[in-house]
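Structure file protein-v3.cif (mmCIF, C-alpha atoms) follows.
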data_protein
loop_
_atom_site.group_PDB
_atom_site.id
_atom_site.type_symbol
_atom_site.label_atom_id
_atom_site.label_comp_id
_atom_site.auth_asym_id
_atom_site.auth_seq_id
_atom_site.Cartn_x
_atom_site.Cartn_y
_atom_site.Cartn_z
ATOM 1 C CA MET A 509 -20.539 3.055 19.022
ATOM 2 C CA SER A 510 -19.504 4.102 15.505
ATOM 3 C CA PHE A 511 -16.057 2.550 16.013
ATOM 4 C CA LEU A 512 -17.665 -0.721 17.048
ATOM 5 C CA LEU A 513 -19.853 -0.720 13.926
ATOM 6 C CA SER A 514 -16.802 -0.119 11.729
ATOM 7 C CA ALA A 515 -14.827 -2.813 13.507
ATOM 8 C CA ASN A 516 -17.691 -5.278 12.975
ATOM 9 C CA LEU A 517 -17.681 -4.651 9.234
ATOM 10 C CA PHE A 518 -14.000 -5.475 9.036
ATOM 11 C CA GLU A 519 -14.052 -8.325 11.528
ATOM 12 C CA ASP A 520 -12.618 -10.610 8.896
ATOM 13 C CA GLN A 521 -9.517 -10.265 6.776
ATOM 14 C CA TRP A 522 -11.365 -10.778 3.508
ATOM 15 C CA SER A 523 -13.030 -7.359 3.440
ATOM 16 C CA PHE A 524 -9.619 -5.722 3.632
ATOM 17 C CA ILE A 525 -8.130 -8.078 1.050
ATOM 18 C CA ILE A 526 -10.929 -7.437 -1.463
ATOM 19 C CA LEU A 527 -10.709 -3.672 -1.001
ATOM 20 C CA ARG A 528 -6.919 -3.879 -1.252
ATOM 21 C CA ASP A 529 -7.231 -5.863 -4.466
ATOM 22 C CA MET A 530 -9.687 -3.327 -5.873
ATOM 23 C CA LEU A 531 -7.866 -0.157 -4.908
ATOM 24 C CA LEU A 532 -4.221 -1.166 -5.143
ATOM 25 C CA LEU A 533 -4.271 -3.957 -7.724
ATOM 26 C CA LYS A 534 -7.208 -2.770 -9.889
ATOM 27 C CA ARG A 535 -9.104 -6.053 -9.657
ATOM 28 C CA ALA A 536 -12.816 -6.075 -10.435
ATOM 29 C CA THR A 537 -14.020 -9.616 -11.172
ATOM 30 C CA ILE A 538 -14.484 -12.761 -9.165
ATOM 31 C CA LYS A 539 -11.783 -14.451 -11.250
ATOM 32 C CA GLU A 540 -9.354 -11.631 -10.413
ATOM 33 C CA PHE A 541 -10.194 -11.739 -6.690
ATOM 34 C CA LYS A 542 -9.641 -15.496 -6.682
ATOM 35 C CA SER A 543 -6.184 -15.004 -8.192
ATOM 36 C CA SER A 544 -5.057 -13.308 -4.984
ATOM 37 C CA ARG A 545 -2.247 -15.156 -3.267
ATOM 38 C CA GLU A 546 -4.431 -15.444 -0.153
ATOM 39 C CA LYS A 547 -6.641 -17.926 -2.068
ATOM 40 C CA ILE A 548 -10.147 -16.939 -0.976
ATOM 41 C CA ASP A 549 -12.707 -19.735 -1.418
ATOM 42 C CA ASP A 550 -15.931 -19.253 -3.414
ATOM 43 C CA ASN A 551 -18.279 -19.179 -0.434
ATOM 44 C CA THR A 552 -16.205 -16.675 1.538
ATOM 45 C CA LEU A 553 -15.747 -14.468 -1.535
ATOM 46 C CA SER A 554 -19.491 -14.444 -2.231
ATOM 47 C CA LYS A 555 -20.394 -13.625 1.386
ATOM 48 C CA THR A 556 -17.765 -10.887 1.638
ATOM 49 C CA LEU A 557 -18.797 -9.248 -1.641
ATOM 50 C CA LYS A 558 -22.443 -9.241 -0.491
ATOM 51 C CA LYS A 559 -21.456 -7.742 2.866
ATOM 52 C CA LEU A 560 -19.390 -5.000 1.219
ATOM 53 C CA ILE A 561 -22.216 -4.237 -1.233
ATOM 54 C CA ASN A 562 -24.883 -4.181 1.497
ATOM 55 C CA ASN A 563 -22.765 -1.809 3.589
ATOM 56 C CA GLY A 564 -22.072 0.513 0.659
ATOM 57 C CA TYR A 565 -18.314 -0.081 0.315
ATOM 58 C CA ILE A 566 -18.521 -1.550 -3.167
ATOM 59 C CA GLU A 567 -21.011 -1.582 -6.016
ATOM 60 C CA VAL A 568 -21.748 -3.912 -8.889
ATOM 61 C CA LEU A 569 -20.925 -2.297 -12.193
ATOM 62 C CA ASP A 570 -22.546 -4.893 -14.435
ATOM 63 C CA ILE A 571 -25.416 -6.789 -12.912
ATOM 64 C CA SER A 572 -25.801 -10.174 -14.545
ATOM 65 C CA LEU A 573 -27.595 -13.361 -13.685
ATOM 66 C CA ASN A 574 -24.141 -14.905 -13.660
ATOM 67 C CA PRO A 575 -22.120 -13.240 -10.874
ATOM 68 C CA ILE A 576 -18.905 -14.629 -12.380
ATOM 69 C CA ILE A 577 -19.055 -11.959 -15.112
ATOM 70 C CA ASN A 578 -20.093 -9.101 -12.820
ATOM 71 C CA ARG A 579 -17.539 -6.376 -12.211
ATOM 72 C CA TYR A 580 -17.246 -4.820 -8.773
ATOM 73 C CA ILE A 581 -15.851 -1.382 -7.970
ATOM 74 C CA ALA A 582 -15.235 0.506 -4.759
ATOM 75 C CA SER A 583 -17.753 3.220 -3.962
ATOM 76 C CA SER A 584 -16.739 6.576 -2.532
ATOM 77 C CA LYS A 585 -17.281 4.992 0.890
ATOM 78 C CA GLY A 586 -14.929 2.168 -0.125
ATOM 79 C CA LEU A 587 -12.340 4.706 -1.252
ATOM 80 C CA SER A 588 -12.558 6.327 2.178
ATOM 81 C CA VAL A 589 -10.992 3.165 3.609
ATOM 82 C CA LEU A 590 -7.807 3.745 1.556
ATOM 83 C CA PRO A 591 -5.792 5.494 4.313
ATOM 84 C CA LEU A 592 -6.491 2.595 6.682
ATOM 85 C CA LEU A 593 -5.589 0.049 4.001
ATOM 86 C CA MET A 594 -2.376 1.903 3.260
ATOM 87 C CA GLU A 595 -1.364 1.908 6.922
ATOM 88 C CA LEU A 596 -2.139 -1.796 7.321
ATOM 89 C CA TYR A 597 -0.314 -2.627 4.108
ATOM 90 C CA LEU A 598 2.715 -0.567 5.140
ATOM 91 C CA PHE A 599 2.674 -2.136 8.603
ATOM 92 C CA SER A 600 2.731 -5.630 7.102
ATOM 93 C CA CYS A 601 5.473 -4.646 4.623
ATOM 94 C CA ASN A 602 7.584 -3.386 7.539
ATOM 95 C CA GLU A 603 6.936 -6.433 9.722
ATOM 96 C CA PHE A 604 8.112 -9.083 7.288
ATOM 97 C CA ASP A 605 11.507 -9.806 5.860
ATOM 98 C CA GLU A 606 11.876 -7.975 2.561
ATOM 99 C CA ALA A 607 12.839 -11.253 0.880
ATOM 100 C CA THR A 608 9.236 -12.433 1.361
ATOM 101 C CA LEU A 609 7.711 -9.299 -0.204
ATOM 102 C CA SER A 610 6.557 -9.085 -3.808
ATOM 103 C CA PRO A 611 7.979 -6.368 -6.076
ATOM 104 C CA LEU A 612 4.658 -4.524 -5.718
ATOM 105 C CA GLU A 613 4.965 -4.590 -1.923
ATOM 106 C CA ILE A 614 8.554 -3.389 -2.027
ATOM 107 C CA ASN A 615 7.604 -0.472 -4.294
ATOM 108 C CA PHE A 616 4.588 0.341 -2.125
ATOM 109 C CA LYS A 617 6.768 0.382 0.988
ATOM 110 C CA LYS A 618 9.291 2.709 -0.677
ATOM 111 C CA ASP A 619 6.610 5.081 -2.050
ATOM 112 C CA ALA A 620 4.600 5.142 1.182
ATOM 113 C CA THR A 621 7.697 5.830 3.229
ATOM 114 C CA GLN A 622 8.810 8.678 0.950
ATOM 115 C CA ASN A 623 5.466 10.478 0.593
ATOM 116 C CA SER A 624 2.300 8.720 1.711
ATOM 117 C CA ALA A 625 0.035 11.681 0.854
ATOM 118 C CA LEU A 626 1.264 11.728 -2.733
ATOM 119 C CA LEU A 627 0.905 7.950 -2.957
ATOM 120 C CA LYS A 628 -2.676 8.147 -1.662
ATOM 121 C CA ASP A 629 -3.553 10.844 -4.209
ATOM 122 C CA THR A 630 -1.940 8.816 -6.998
ATOM 123 C CA ILE A 631 -3.832 5.656 -6.024
ATOM 124 C CA ILE A 632 -7.139 7.532 -5.956
ATOM 125 C CA LYS A 633 -6.483 9.171 -9.329
ATOM 126 C CA GLU A 634 -5.443 5.877 -10.923
ATOM 127 C CA TYR A 635 -8.461 4.108 -9.436
ATOM 128 C CA HIS A 636 -10.841 6.769 -10.763
ATOM 129 C CA ASN A 637 -9.281 6.373 -14.222
ATOM 130 C CA PHE A 638 -9.599 2.590 -13.947
ATOM 131 C CA THR A 639 -13.278 2.729 -12.965
ATOM 132 C CA GLN A 640 -14.020 5.250 -15.736
ATOM 133 C CA GLU A 641 -12.522 2.818 -18.258
ATOM 134 C CA LEU A 642 -14.662 0.002 -16.839
ATOM 135 C CA LYS A 643 -17.770 2.172 -17.026
ATOM 136 C CA THR A 644 -17.002 3.169 -20.613
ATOM 137 C CA VAL A 645 -16.607 -0.475 -21.637
ATOM 138 C CA SER A 646 -19.847 -1.260 -19.795
ATOM 139 C CA VAL A 647 -21.752 1.392 -21.784
ATOM 140 C CA LEU A 648 -20.306 0.158 -25.097
ATOM 141 C CA ASN A 649 -21.426 -3.436 -24.455
#

I'd like the structure from this file rewritten - as structure tokens, please.
Amino acid sequence: MSFLLSANLFEDQWSFIILRDMLLLKRATIKEFKSSREKIDDNTLSKTLKKLINNGYIEVLDISLNPIINRYIASSKGLSVLPLLMELYLFSCNEFDEATLSPLEINFKKDATQNSALLKDTIIKEYHNFTQELKTVSVLN
């Protein structure tokens, strides 16, 4: 039953893409999510963010009446999805011709192939530093 509940949360690609953008690309705003090459539309982005918030995978750092200026960060539960994201990302990097991969994807593939545990630890550390910076800026404003 728990597997089915998890599968239902990630029934769409957008949950994975938003978490990927947060954890691997350090994106936190609607504008940054919309800059993804997958080109998520406004309605889908809004629904997916709400779903991830309601299920505890992400949290809103700055709550504003204007969601455009809100910043979103992965919660500890969202960070727990990192190993799955890494495997999916590596799978897709291995499945496609390297000529179609971005420099980021090529570097990820190389680092994940060499030492995925170290890469995971590095991503988590960098993400914690990133969120601490966001929180510090939030307190100063």

*All residues 10 Å or closer to Ser543 of chain A, only C-alpha atoms, same chain fewer than 6 positions away omitted, as a list of chain:residue names*: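 Result of the neighbour search: A:Asp529, A:Arg535, A:Thr537.
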
*To verify the selection step, state as a PyMOL selection string which residues the PyMOL selection byres ((chain A and resi 530) around 12) yields on this input.*
chain A and resi 523-529+531-538+540-541+544+557+565-567+579-583+586-587+589-590+593+631-632+634-636+638-639

*What is the atom CA of Asn551 of chain A to atom CA of Asp570 of chain A distance in Å?*
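That distance, rounded to one decimal, is 20.5 Å.
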
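Coordinates place atom CA of Trp522 of chain A at a distance of 19.5 Å from atom CA of Leu612 of chain A.
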
*So how far away is atom CA of Pro591 of chain A from atom CA of Lys559 of chain A, in Å?*
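For atom CA of Lys559 of chain A relative to atom CA of Pro591 of chain A, the distance reads 20.6 Å.
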
*asked:* Please enumerate the residues selected by the PyMOL selection byres ((chain A and resi 598) around 12) when evaluated against the supplied file, formatted as a list of chain:residue names.
replied: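 So the PyMOL selection byres ((chain A and resi 598) around 12) ends up selecting A:Leu590, A:Pro591, A:Leu592, A:Leu593, A:Met594, A:Glu595, A:Leu596, A:Tyr597, A:Phe599, A:Ser600, A:Cys601, A:Asn602, A:Glu603, A:Phe604, A:Leu609, A:Leu612, A:Glu613, A:Ile614, A:Asn615, A:Phe616, A:Lys617, A:Lys618, A:Asp619, A:Ala620, A:Thr621, A:Gln622, A:Ser624, A:Leu627.
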
*Using all atoms listed in the file, which residue out of A:Ile577, A:Ala625, A:Asp520, A:Lys585 lies closest to Lys555 of chain A?*
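Checking each candidate against Lys555 of chain A, we get A:Asp520 as the closest.
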
Take segment 542-577 of chain A, model N, CA and C atoms, and hand the result over as a tab-separated table (two decimals), in the frame of the given file.
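Result written to selection_21.tsv:
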chain	number	residue	atom	x	y	z
A	542	LYS	N	-10.08	-14.14	-7.01
A	542	LYS	CA	-9.64	-15.50	-6.68
A	542	LYS	C	-8.17	-15.71	-7.01
A	543	SER	N	-7.60	-14.86	-7.85
A	543	SER	CA	-6.18	-15.00	-8.19
A	543	SER	C	-5.26	-14.45	-7.11
A	544	SER	N	-5.85	-13.85	-6.09
A	544	SER	CA	-5.06	-13.31	-4.98
A	544	SER	C	-4.26	-14.42	-4.33
A	545	ARG	N	-3.07	-14.10	-3.87
A	545	ARG	CA	-2.25	-15.16	-3.27
A	545	ARG	C	-2.81	-15.66	-1.94
A	546	GLU	N	-3.80	-14.97	-1.39
A	546	GLU	CA	-4.43	-15.44	-0.15
A	546	GLU	C	-5.42	-16.58	-0.41
A	547	LYS	N	-5.79	-16.79	-1.65
A	547	LYS	CA	-6.64	-17.93	-2.07
A	547	LYS	C	-7.99	-17.98	-1.34
A	548	ILE	N	-8.81	-16.98	-1.56
A	548	ILE	CA	-10.15	-16.94	-0.98
A	548	ILE	C	-11.04	-18.00	-1.64
A	549	ASP	N	-11.82	-18.72	-0.85
A	549	ASP	CA	-12.71	-19.74	-1.42
A	549	ASP	C	-14.00	-19.08	-1.92
A	550	ASP	N	-14.74	-19.79	-2.76
A	550	ASP	CA	-15.93	-19.25	-3.41
A	550	ASP	C	-16.98	-18.75	-2.42
A	551	ASN	N	-17.25	-19.53	-1.40
A	551	ASN	CA	-18.28	-19.18	-0.43
A	551	ASN	C	-17.91	-17.91	0.34
A	552	THR	N	-16.67	-17.84	0.79
A	552	THR	CA	-16.20	-16.68	1.54
A	552	THR	C	-16.21	-15.44	0.65
A	553	LEU	N	-15.76	-15.59	-0.60
A	553	LEU	CA	-15.75	-14.47	-1.54
A	553	LEU	C	-17.16	-13.95	-1.76
A	554	SER	N	-18.10	-14.84	-2.00
A	554	SER	CA	-19.49	-14.44	-2.23
A	554	SER	C	-20.07	-13.71	-1.03
A	555	LYS	N	-19.87	-14.25	0.16
A	555	LYS	CA	-20.39	-13.62	1.39
A	555	LYS	C	-19.76	-12.26	1.62
A	556	THR	N	-18.46	-12.15	1.39
A	556	THR	CA	-17.76	-10.89	1.64
A	556	THR	C	-18.19	-9.83	0.63
A	557	LEU	N	-18.32	-10.20	-0.64
A	557	LEU	CA	-18.80	-9.25	-1.64
A	557	LEU	C	-20.19	-8.74	-1.28
A	558	LYS	N	-21.08	-9.64	-0.88
A	558	LYS	CA	-22.44	-9.24	-0.49
A	558	LYS	C	-22.40	-8.29	0.71
A	559	LYS	N	-21.56	-8.59	1.68
A	559	LYS	CA	-21.46	-7.74	2.87
A	559	LYS	C	-20.96	-6.35	2.48
A	560	LEU	N	-19.93	-6.29	1.64
A	560	LEU	CA	-19.39	-5.00	1.22
A	560	LEU	C	-20.40	-4.21	0.38
A	561	ILE	N	-21.16	-4.90	-0.45
A	561	ILE	CA	-22.22	-4.24	-1.23
A	561	ILE	C	-23.31	-3.71	-0.30
A	562	ASN	N	-23.79	-4.56	0.59
A	562	ASN	CA	-24.88	-4.18	1.50
A	562	ASN	C	-24.52	-3.02	2.42
A	563	ASN	N	-23.22	-2.90	2.72
A	563	ASN	CA	-22.76	-1.81	3.59
A	563	ASN	C	-22.27	-0.60	2.81
A	564	GLY	N	-22.38	-0.64	1.49
A	564	GLY	CA	-22.07	0.51	0.66
A	564	GLY	C	-20.60	0.74	0.36
A	565	TYR	N	-19.74	-0.25	0.58
A	565	TYR	CA	-18.31	-0.08	0.32
A	565	TYR	C	-17.95	-0.40	-1.14
A	566	ILE	N	-18.74	-1.25	-1.76
A	566	ILE	CA	-18.52	-1.55	-3.17
A	566	ILE	C	-19.87	-1.56	-3.88
A	567	GLU	N	-19.80	-1.49	-5.20
A	567	GLU	CA	-21.01	-1.58	-6.02
A	567	GLU	C	-20.75	-2.51	-7.19
A	568	VAL	N	-21.84	-3.04	-7.73
A	568	VAL	CA	-21.75	-3.91	-8.89
A	568	VAL	C	-21.89	-3.03	-10.12
A	569	LEU	N	-20.90	-3.11	-10.99
A	569	LEU	CA	-20.92	-2.30	-12.19
A	569	LEU	C	-21.84	-2.91	-13.24
A	570	ASP	N	-21.71	-4.18	-13.45
A	570	ASP	CA	-22.55	-4.89	-14.44
A	570	ASP	C	-23.34	-5.95	-13.68
A	571	ILE	N	-24.62	-5.79	-13.62
A	571	ILE	CA	-25.42	-6.79	-12.91
A	571	ILE	C	-25.87	-7.83	-13.92
A	572	SER	N	-25.50	-9.06	-13.66
A	572	SER	CA	-25.80	-10.17	-14.54
A	572	SER	C	-26.40	-11.30	-13.71
A	573	LEU	N	-27.10	-12.18	-14.38
A	573	LEU	CA	-27.60	-13.36	-13.68
A	573	LEU	C	-26.44	-14.28	-13.29
A	574	ASN	N	-25.33	-14.12	-13.97
A	574	ASN	CA	-24.14	-14.90	-13.66
A	574	ASN	C	-23.12	-14.01	-12.94
A	575	PRO	N	-23.01	-14.13	-11.62
A	575	PRO	CA	-22.12	-13.24	-10.87
A	575	PRO	C	-20.65	-13.36	-11.27
A	576	ILE	N	-20.28	-14.44	-11.95
A	576	ILE	CA	-18.90	-14.63	-12.38
A	576	ILE	C	-18.49	-13.51	-13.34
A	577	ILE	N	-19.43	-12.99	-14.14
A	577	ILE	CA	-19.06	-11.96	-15.11
A	577	ILE	C	-19.33	-10.54	-14.61
